[in-house]
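A.B. asks: Got a file for you: my_file.txt, compact mmCIF, C-alpha atoms and all ligand atoms.
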```txt
# COMPACT_ATOMS: atom_id res chain seq x y z
CA GLU A 1 0.00 0.00 0.00
CA ALA A 2 1.37 3.40 -1.00
CA LYS A 3 2.48 5.66 1.86
CA PRO A 4 0.35 8.77 2.45
CA LYS A 5 1.92 11.85 0.83
CA LEU A 6 1.65 15.28 2.46
CA TYR A 7 1.88 18.51 0.43
CA TYR A 8 2.60 21.61 2.51
CA PHE A 9 5.28 24.10 3.50
CA GLN A 10 8.32 22.90 5.43
CA GLY A 11 6.76 24.17 8.64
CA ARG A 12 3.95 23.48 11.11
CA GLY A 13 0.93 25.58 10.11
CA ARG A 14 -2.17 23.50 9.60
CA MET A 15 -0.29 20.32 8.65
CA GLU A 16 1.58 19.66 11.92
CA SER A 17 -1.37 17.98 13.70
CA ILE A 18 -1.72 15.64 10.72
CA ARG A 19 2.00 14.73 10.99
CA TRP A 20 1.50 14.06 14.73
CA LEU A 21 -1.52 11.82 14.17
CA LEU A 22 0.16 9.74 11.45
CA ALA A 23 3.38 9.43 13.48
CA ALA A 24 1.48 8.43 16.65
CA ALA A 25 -0.40 5.80 14.62
CA GLY A 26 2.97 4.45 13.44
CA VAL A 27 2.17 5.29 9.81
CA GLU A 28 5.12 6.30 7.62
CA PHE A 29 4.42 9.20 5.28
CA GLU A 30 6.17 11.14 2.53
CA GLU A 31 6.25 14.92 2.17
CA GLU A 32 6.50 17.37 -0.71
CA PHE A 33 7.47 20.83 0.53
CA LEU A 34 6.00 23.84 -1.24
CA GLU A 35 8.82 26.31 -1.86
CA THR A 36 7.73 28.02 -5.10
CA ARG A 37 4.57 29.59 -6.51
CA GLU A 38 4.89 27.22 -9.50
CA GLN A 39 4.41 24.16 -7.27
CA TYR A 40 1.20 25.65 -5.84
CA GLU A 41 -0.09 26.64 -9.27
CA LYS A 42 0.54 23.11 -10.57
CA LEU A 43 -1.57 21.68 -7.73
CA LEU A 44 -4.30 24.15 -8.66
CA LYS A 45 -4.08 23.36 -12.38
CA ASP A 46 -4.22 19.64 -11.67
CA GLY A 47 -7.43 20.25 -9.72
CA ARG A 48 -6.17 18.63 -6.51
CA LEU A 49 -7.03 21.47 -4.10
CA LEU A 50 -10.80 21.52 -3.48
CA PHE A 51 -10.87 25.14 -2.28
CA ASP A 52 -7.46 26.13 -3.69
CA GLN A 53 -5.89 25.50 -0.28
CA VAL A 54 -3.28 23.29 1.35
CA PRO A 55 -2.82 21.08 3.44
CA LEU A 56 -3.22 18.37 0.82
CA VAL A 57 -2.90 14.73 1.89
CA GLU A 58 -2.93 11.99 -0.73
CA ILE A 59 -4.08 8.76 0.89
CA ASP A 60 -6.10 5.71 -0.26
CA GLY A 61 -5.97 7.11 -3.81
CA MET A 62 -7.76 10.33 -2.81
CA PRO A 63 -6.55 13.97 -2.70
CA LEU A 64 -7.79 15.13 0.72
CA THR A 65 -7.92 18.80 1.82
CA GLN A 66 -9.51 20.58 4.83
CA SER A 67 -7.35 19.70 7.81
CA ARG A 68 -10.15 18.84 10.27
CA ALA A 69 -11.76 16.49 7.76
CA ILE A 70 -8.38 14.85 7.14
CA LEU A 71 -7.73 14.48 10.88
CA SER A 72 -11.14 12.90 11.44
CA TYR A 73 -10.60 10.48 8.57
CA LEU A 74 -7.18 9.46 9.89
CA ALA A 75 -8.38 9.13 13.50
CA ALA A 76 -11.17 6.78 12.36
CA LYS A 77 -8.90 4.87 9.97
CA TYR A 78 -6.28 4.20 12.66
CA ASN A 79 -8.74 3.48 15.46
CA LEU A 80 -7.92 6.60 17.47
CA TYR A 81 -11.46 7.92 17.56
CA GLY A 82 -13.09 6.25 20.62
CA LYS A 83 -15.42 3.26 20.73
CA ASP A 84 -18.80 4.91 20.04
CA LEU A 85 -20.60 8.08 18.95
CA LYS A 86 -20.45 9.76 22.35
CA GLU A 87 -16.68 9.16 22.76
CA ARG A 88 -16.13 10.45 19.23
CA LEU A 89 -18.12 13.57 20.10
CA ARG A 90 -15.92 14.24 23.12
CA ILE A 91 -12.80 13.69 21.01
CA ASP A 92 -14.17 16.18 18.43
CA MET A 93 -14.89 18.77 21.12
CA TYR A 94 -11.44 18.46 22.71
CA THR A 95 -9.54 18.45 19.41
CA ASP A 96 -11.53 21.43 18.10
CA GLY A 97 -10.38 23.25 21.23
CA THR A 98 -6.71 22.38 20.93
CA LEU A 99 -6.82 23.10 17.19
CA ASP A 100 -8.26 26.58 17.86
CA LEU A 101 -5.39 27.24 20.26
CA MET A 102 -2.74 25.97 17.81
CA ILE A 103 -4.15 27.91 14.86
CA MET A 104 -3.83 31.07 16.98
CA ILE A 105 -0.14 30.22 17.39
CA ALA A 106 0.30 29.49 13.66
CA GLN A 107 -1.33 32.77 12.66
CA ALA A 108 0.63 34.83 15.18
CA ALA A 109 3.82 34.01 13.24
CA PHE A 110 2.56 36.21 10.39
CA LYS A 111 2.05 39.32 12.49
CA PRO A 112 4.49 42.24 12.90
CA PRO A 113 6.69 42.00 16.03
CA LYS A 114 4.56 44.04 18.46
CA GLU A 115 1.26 42.38 17.46
CA LYS A 116 2.99 39.00 17.50
CA GLU A 117 4.15 39.50 21.09
CA GLU A 118 0.65 40.59 22.09
CA SER A 119 -0.80 37.50 20.39
CA TYR A 120 1.64 35.20 22.14
CA ALA A 121 0.73 36.77 25.49
CA LEU A 122 -2.98 36.22 24.76
CA ILE A 123 -2.32 32.63 23.69
CA VAL A 124 -0.46 31.89 26.95
CA LYS A 125 -3.34 33.48 28.91
CA ARG A 126 -5.95 31.42 27.01
CA ALA A 127 -3.95 28.25 27.57
CA LYS A 128 -3.62 28.97 31.28
CA THR A 129 -7.17 30.20 31.97
CA ARG A 130 -9.36 28.57 29.29
CA TYR A 131 -7.85 25.44 27.76
CA PHE A 132 -5.51 23.70 30.20
CA PRO A 133 -7.88 23.99 33.22
CA VAL A 134 -10.48 22.07 31.20
CA PHE A 135 -8.12 19.18 30.47
CA GLU A 136 -6.76 19.15 34.05
CA LYS A 137 -10.35 18.77 35.29
CA ILE A 138 -11.16 15.99 32.80
CA LEU A 139 -8.14 14.02 33.98
CA LYS A 140 -9.11 14.70 37.63
CA ASP A 141 -12.80 13.79 37.23
CA HIS A 142 -12.19 10.56 35.28
CA GLY A 143 -9.01 9.55 37.07
CA GLU A 144 -7.79 7.77 33.94
CA ASP A 145 -4.56 7.85 31.96
CA PHE A 146 -6.26 9.13 28.78
CA LEU A 147 -8.80 11.86 28.06
CA VAL A 148 -11.54 9.65 26.58
CA GLY A 149 -12.72 6.10 27.34
CA ASN A 150 -9.51 5.24 29.20
CA ARG A 151 -7.97 4.54 25.82
CA PHE A 152 -5.34 6.33 23.72
CA SER A 153 -7.00 8.57 21.12
CA TRP A 154 -6.51 11.51 18.76
CA ALA A 155 -7.52 13.80 21.66
CA ASP A 156 -4.45 12.73 23.68
CA ILE A 157 -2.07 13.16 20.74
CA GLN A 158 -3.28 16.66 19.97
CA LEU A 159 -3.29 17.78 23.61
CA LEU A 160 0.36 16.75 23.92
CA GLU A 161 1.16 18.64 20.69
CA ALA A 162 -0.56 21.75 22.08
CA ILE A 163 1.18 21.48 25.49
CA LEU A 164 4.63 21.32 23.87
CA MET A 165 3.79 24.22 21.55
CA VAL A 166 2.59 26.45 24.40
CA GLU A 167 5.64 25.50 26.51
CA GLU A 168 7.75 26.97 23.70
CA LEU A 169 6.03 30.29 24.46
CA SER A 170 6.02 29.91 28.26
CA ALA A 171 8.11 27.08 29.74
CA PRO A 172 6.48 27.06 33.22
CA ILE A 173 2.94 26.97 31.83
CA LEU A 174 2.15 23.58 33.42
CA SER A 175 3.32 24.60 36.93
CA ASP A 176 -0.32 24.86 38.11
CA PHE A 177 -1.41 21.67 36.31
CA PRO A 178 0.10 18.58 38.01
CA LEU A 179 -2.16 16.12 36.19
CA LEU A 180 -1.20 17.62 32.83
CA GLN A 181 2.47 17.30 33.82
CA ALA A 182 1.96 13.58 34.43
CA PHE A 183 -0.14 13.30 31.22
CA LYS A 184 2.67 14.95 29.21
CA ALA A 185 5.24 12.45 30.55
CA ARG A 186 2.93 9.46 29.99
CA ILE A 187 1.93 10.31 26.40
CA SER A 188 5.48 11.38 25.44
CA ASN A 189 6.64 7.88 26.41
CA ILE A 190 4.32 6.08 24.03
CA PRO A 191 6.89 4.49 21.67
CA THR A 192 5.60 5.98 18.39
CA ILE A 193 5.40 9.46 19.97
CA GLN A 194 8.74 9.08 21.72
CA LYS A 195 10.25 8.34 18.29
CA PHE A 196 8.54 11.38 16.73
CA LEU A 197 9.98 13.58 19.50
CA GLN A 198 13.54 12.49 18.70
CA PRO A 199 15.73 14.80 16.57
CA GLY A 200 15.67 13.87 12.90
CA SER A 201 11.95 12.96 12.82
CA GLN A 202 9.47 14.65 10.48
CA ARG A 203 8.30 16.95 13.27
CA LYS A 204 8.73 20.59 12.23
CA PRO A 205 10.38 23.44 14.20
CA PRO A 206 8.58 26.62 15.34
CA PRO A 207 7.83 29.08 12.50
CA ASP A 208 10.63 31.51 11.66
CA GLY A 209 11.05 34.42 9.27
CA HIS A 210 12.03 32.15 6.39
CA TYR A 211 8.87 30.04 6.78
CA VAL A 212 6.68 33.16 6.80
CA GLU A 213 8.47 34.49 3.71
CA VAL A 214 8.01 31.23 1.78
CA VAL A 215 4.30 31.05 2.66
CA ARG A 216 3.78 34.66 1.63
CA ASN A 217 5.61 34.10 -1.66
CA VAL A 218 3.81 30.87 -2.51
CA LEU A 219 0.33 32.05 -1.53
CA LYS A 220 0.80 35.73 -2.42
CA PHE A 221 -0.60 37.11 0.77
C1 LIG B 1 -2.86 34.93 8.54
C2 LIG B 1 -2.84 33.58 7.86
C3 LIG B 1 -1.79 32.70 8.49
C4 LIG B 1 -1.88 31.29 7.98
C5 LIG B 1 -1.28 31.16 6.60
C6 LIG B 1 -1.04 29.70 6.25
O1 LIG B 1 -0.02 29.22 7.10
C7 LIG B 1 -0.64 28.39 8.06
O2 LIG B 1 -0.30 28.87 9.30
C8 LIG B 1 -2.12 28.51 7.87
C9 LIG B 1 -2.24 28.82 6.45
S1 LIG B 1 -2.15 27.31 5.46
C10 LIG B 1 -2.39 27.82 3.89
C11 LIG B 1 -3.86 28.16 3.56
N1 LIG B 1 -4.72 27.05 3.92
C12 LIG B 1 -5.75 27.23 4.73
O3 LIG B 1 -6.04 28.32 5.26
C13 LIG B 1 -6.60 25.98 4.96
C14 LIG B 1 -7.86 26.21 5.73
C15 LIG B 1 -8.71 24.97 5.75
N2 LIG B 1 -9.93 25.24 6.48
C16 LIG B 1 -7.97 23.82 6.45
O4 LIG B 1 -8.19 23.66 7.66
O5 LIG B 1 -7.24 23.08 5.80
C17 LIG B 1 -3.98 28.31 2.07
O6 LIG B 1 -3.78 27.36 1.33
N3 LIG B 1 -4.30 29.52 1.65
C18 LIG B 1 -4.37 29.77 0.21
C19 LIG B 1 -5.62 30.54 -0.12
O7 LIG B 1 -6.56 30.50 0.72
O8 LIG B 1 -5.63 31.14 -1.19
```
Can the structure in the file be given as structure tokens, please?
Ligand SMILES: CCCCC[C@H]1O[C@@H](O)C[C@@H]1SC[C@H](NC(=O)CC[C@H](N)C(=O)O)C(=O)NCC(=O)O

C.D. replies:
Amino acid sequence: EAKPKLYYFQGRGRMESIRWLLAAAGVEFEEEFLETREQYEKLLKDGRLLFDQVPLVEIDGMPLTQSRAILSYLAAKYNLYGKDLKERLRIDMYTDGTLDLMIMIAQAAFKPPKEKEESYALIVKRAKTRYFPVFEKILKDHGEDFLVGNRFSWADIQLLEAILMVEELSAPILSDFPLLQAFKARISNIPTIQKFLQPGSQRKPPPDGHYVEVVRNVLKF
């Protein structure tokens, strides 16, 4: 079976959660990095971008776009989506939350320095007062190792991704969340995730000026 192929910039953006999910599921994938406008225009001309947007994931012979749809498809395909409708609903609610937080971080990279710093401060505040308290309470109320159904799911993978990303903005962010600290250690030690966290994996670094410049050039915005 052909490996999934991911078409995106050589950065996190809206593709990083897809990389995390595939890696956590132990699925090897290939990547084509968009560096030039011509590459993007070829994808458009070939009719592979439903709404003219990336991420694009080619899997099971289909060109998939829309990152949340892709993530849902992959979570279901690799049995990381709970055991029934109600567990899937909780996983959708939690992952929509962590995705909202991570998109704020991705978009902040494109702002001028002062606005960017203000955005990062707001993101850290939201993580500390809105998002992480919710997950700390879920872990406390259920007293289980995982967020949903006492089983590893997409929700756990994405929460770990979000924790690590916010720690890059504020290292002590988990100081008031002991259960999240234990969760972070537990999920990081899952073999497929541990491997993805090693240097040399397909995990991408934080956005930098070069990444922003490439995206602006390719997408002309
Ligand atoms: C201010 C904007 C910052 C984000 C810019 C890009 O870098 C990433 O951080 C997010 C986007 S990714 C690139 C962008 N794709 C999307 O916005 C996809 C949105 C879709 N709902 C998804 O979830 O996949 C793109 O292709 N745009 C072309 C254009 O619409 O004509």

A.B. asks: May I have the residues within 9 Å of ligand LIG 1 (chain B), computed using all atoms listed in the file, as a short mmCIF file (atom, residue, chain, number, x, y, z; two decimals) with C-alpha atoms, keeping the file's coordinate frame?

C.D. replies:
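Output below, filename pocket_28.cif:
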```
data_model
loop_
_atom_site.label_atom_id
_atom_site.label_comp_id
_atom_site.auth_asym_id
_atom_site.auth_seq_id
_atom_site.Cartn_x
_atom_site.Cartn_y
_atom_site.Cartn_z
CA TYR A 8 2.60 21.61 2.51
CA PHE A 9 5.28 24.10 3.50
CA GLY A 11 6.76 24.17 8.64
CA ARG A 12 3.95 23.48 11.11
CA GLY A 13 0.93 25.58 10.11
CA ARG A 14 -2.17 23.50 9.60
CA MET A 15 -0.29 20.32 8.65
CA TYR A 40 1.20 25.65 -5.84
CA LEU A 49 -7.03 21.47 -4.10
CA PHE A 51 -10.87 25.14 -2.28
CA ASP A 52 -7.46 26.13 -3.69
CA GLN A 53 -5.89 25.50 -0.28
CA VAL A 54 -3.28 23.29 1.35
CA PRO A 55 -2.82 21.08 3.44
CA LEU A 56 -3.22 18.37 0.82
CA THR A 65 -7.92 18.80 1.82
CA GLN A 66 -9.51 20.58 4.83
CA SER A 67 -7.35 19.70 7.81
CA ARG A 68 -10.15 18.84 10.27
CA ALA A 69 -11.76 16.49 7.76
CA ILE A 70 -8.38 14.85 7.14
CA ILE A 103 -4.15 27.91 14.86
CA MET A 104 -3.83 31.07 16.98
CA ILE A 105 -0.14 30.22 17.39
CA ALA A 106 0.30 29.49 13.66
CA GLN A 107 -1.33 32.77 12.66
CA ALA A 108 0.63 34.83 15.18
CA ALA A 109 3.82 34.01 13.24
CA PHE A 110 2.56 36.21 10.39
CA LYS A 111 2.05 39.32 12.49
CA PRO A 207 7.83 29.08 12.50
CA TYR A 211 8.87 30.04 6.78
CA VAL A 212 6.68 33.16 6.80
CA VAL A 215 4.30 31.05 2.66
CA ARG A 216 3.78 34.66 1.63
CA VAL A 218 3.81 30.87 -2.51
CA LEU A 219 0.33 32.05 -1.53
CA LYS A 220 0.80 35.73 -2.42
CA PHE A 221 -0.60 37.11 0.77
#
```

A.B. asks: Rounded to one decimal, what separation in Å do you get between CA of Phe29 in chain A and CA of Ile157 in chain A?

C.D. replies: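 Computed distance, CA of Phe29 in chain A to CA of Ile157 in chain A, equals 17.2 Å.
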
A.B. asks: Enumerate, as a PyMOL selection string, the protein, DNA and RNA residues whose atoms approach (-1.6, 5.4, 3.0) to within 7 Å, taking into account all atoms listed in the file and the coordinate frame of the file.

C.D. replies: chain A and resi 1-4+59-60

A.B. asks: Residues within 12 Å of range 194-196 of chain A, please, as a PyMOL selection string. Count all atoms listed in the file; anything in the same chain fewer than 6 positions from it doesn't count.

C.D. replies: chain A and resi 16+19-28+157+160-161+184-188+202-204

A.B. asks: For Glu167 in chain A, which of A:Lys128, A:Lys45, A:Arg90, A:Lys77 is the closest residue, counting only C-alpha atoms?

C.D. replies: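 Going through A:Lys128, A:Lys45, A:Arg90, A:Lys77 one by one, the smallest distance to Glu167 in chain A is for A:Lys128.
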
A.B. asks: As JSON, please: the centre and edge lengths in Å, to one decimal, of an axis-aligned box enclosing every listed atom of range 194-206 of chain A with 8 Å added on each side.

C.D. replies:
```
{"center_x": 12.0, "center_y": 17.5, "center_z": 16.1, "size_x": 23.4, "size_y": 34.3, "size_z": 27.2}
```

A.B. asks: Pick out the residues sitting within 10 Å of Met165 in chain A, and hand them over as a PyMOL selection string; count only C-alpha atoms, and ignore anything fewer than 2 positions along from it in its own chain.

C.D. replies: chain A and resi 101-102+105+159-163+167-171+205-206

A.B. asks: Excluding Trp154 in chain A and its own-chain neighbours fewer than 3 positions away, which residues fall within 8 Å of it when counting all atoms listed in the file? Please give them as a list in words.

C.D. replies: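 Non-adjacent residues within range: Leu21, Ala75, Leu80, Tyr81, Ile91, Thr95, Ile157 and Gln158 of chain A.
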
A.B. asks: Counting only C-alpha atoms, which residue out of A:Glu87, A:Glu32, A:Asp100, A:Glu118 sits closest to Gly149 in chain A?

C.D. replies: A:Glu87

A.B. asks: Considering only C-alpha atoms, state which residue in the set A:Asp46, A:Glu144, A:Glu213, A:Glu58 is at the smallest distance from Glu30 in chain A.

C.D. replies: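 Once distances to Glu30 in chain A are computed over only C-alpha atoms, the minimum belongs to A:Glu58.
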
A.B. asks: List the spatial neighbours of Glu31 in chain A as a ChimeraX atom specification - criterion: any atom at most 6 Å away, only C-alpha atoms, same-chain residues fewer than 5 positions off excluded.

C.D. replies: /A:5-7

A.B. asks: Go ahead and write the residues just picked, C-alpha atoms, as a PDB file, keeping the file's coordinate frame.

C.D. replies:
```pdb
ATOM      1  CA  LYS A   5       1.920  11.850   0.830  1.00  0.00           C
ATOM      2  CA  LEU A   6       1.650  15.280   2.460  1.00  0.00           C
ATOM      3  CA  TYR A   7       1.880  18.510   0.430  1.00  0.00           C
TER       4      TYR A   7
END
```

A.B. asks: Excluding Leu179 in chain A and any residue of its chain fewer than 2 positions from it, enumerate the residues within 9 Å of it, using all atoms listed in the file, and give them as a count of residues only.

C.D. replies: 10

A.B. asks: Calculate how many Å separate CA of Leu99 in chain A from CA of Leu180 in chain A, rounding to one decimal.

C.D. replies: 17.5 Å

A.B. asks: Calculate how many Å separate CA of Met93 in chain A from CA of Ala155 in chain A, rounding to one decimal.

C.D. replies: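 A separation of 8.9 Å between them.
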
A.B. asks: Counting all atoms listed in the file, which residue out of A:Gly97, A:Gly82, A:Pro199, A:Pro178 sits closest to Leu147 in chain A?

C.D. replies: A:Gly82

A.B. asks: So, with only C-alpha atoms as the atoms that count, which of A:Gln39, A:Val148, A:His210, A:Val124 lies closest to Leu89 in chain A?

C.D. replies: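 Counting only C-alpha atoms, the residue closest to Leu89 in chain A is A:Val148.
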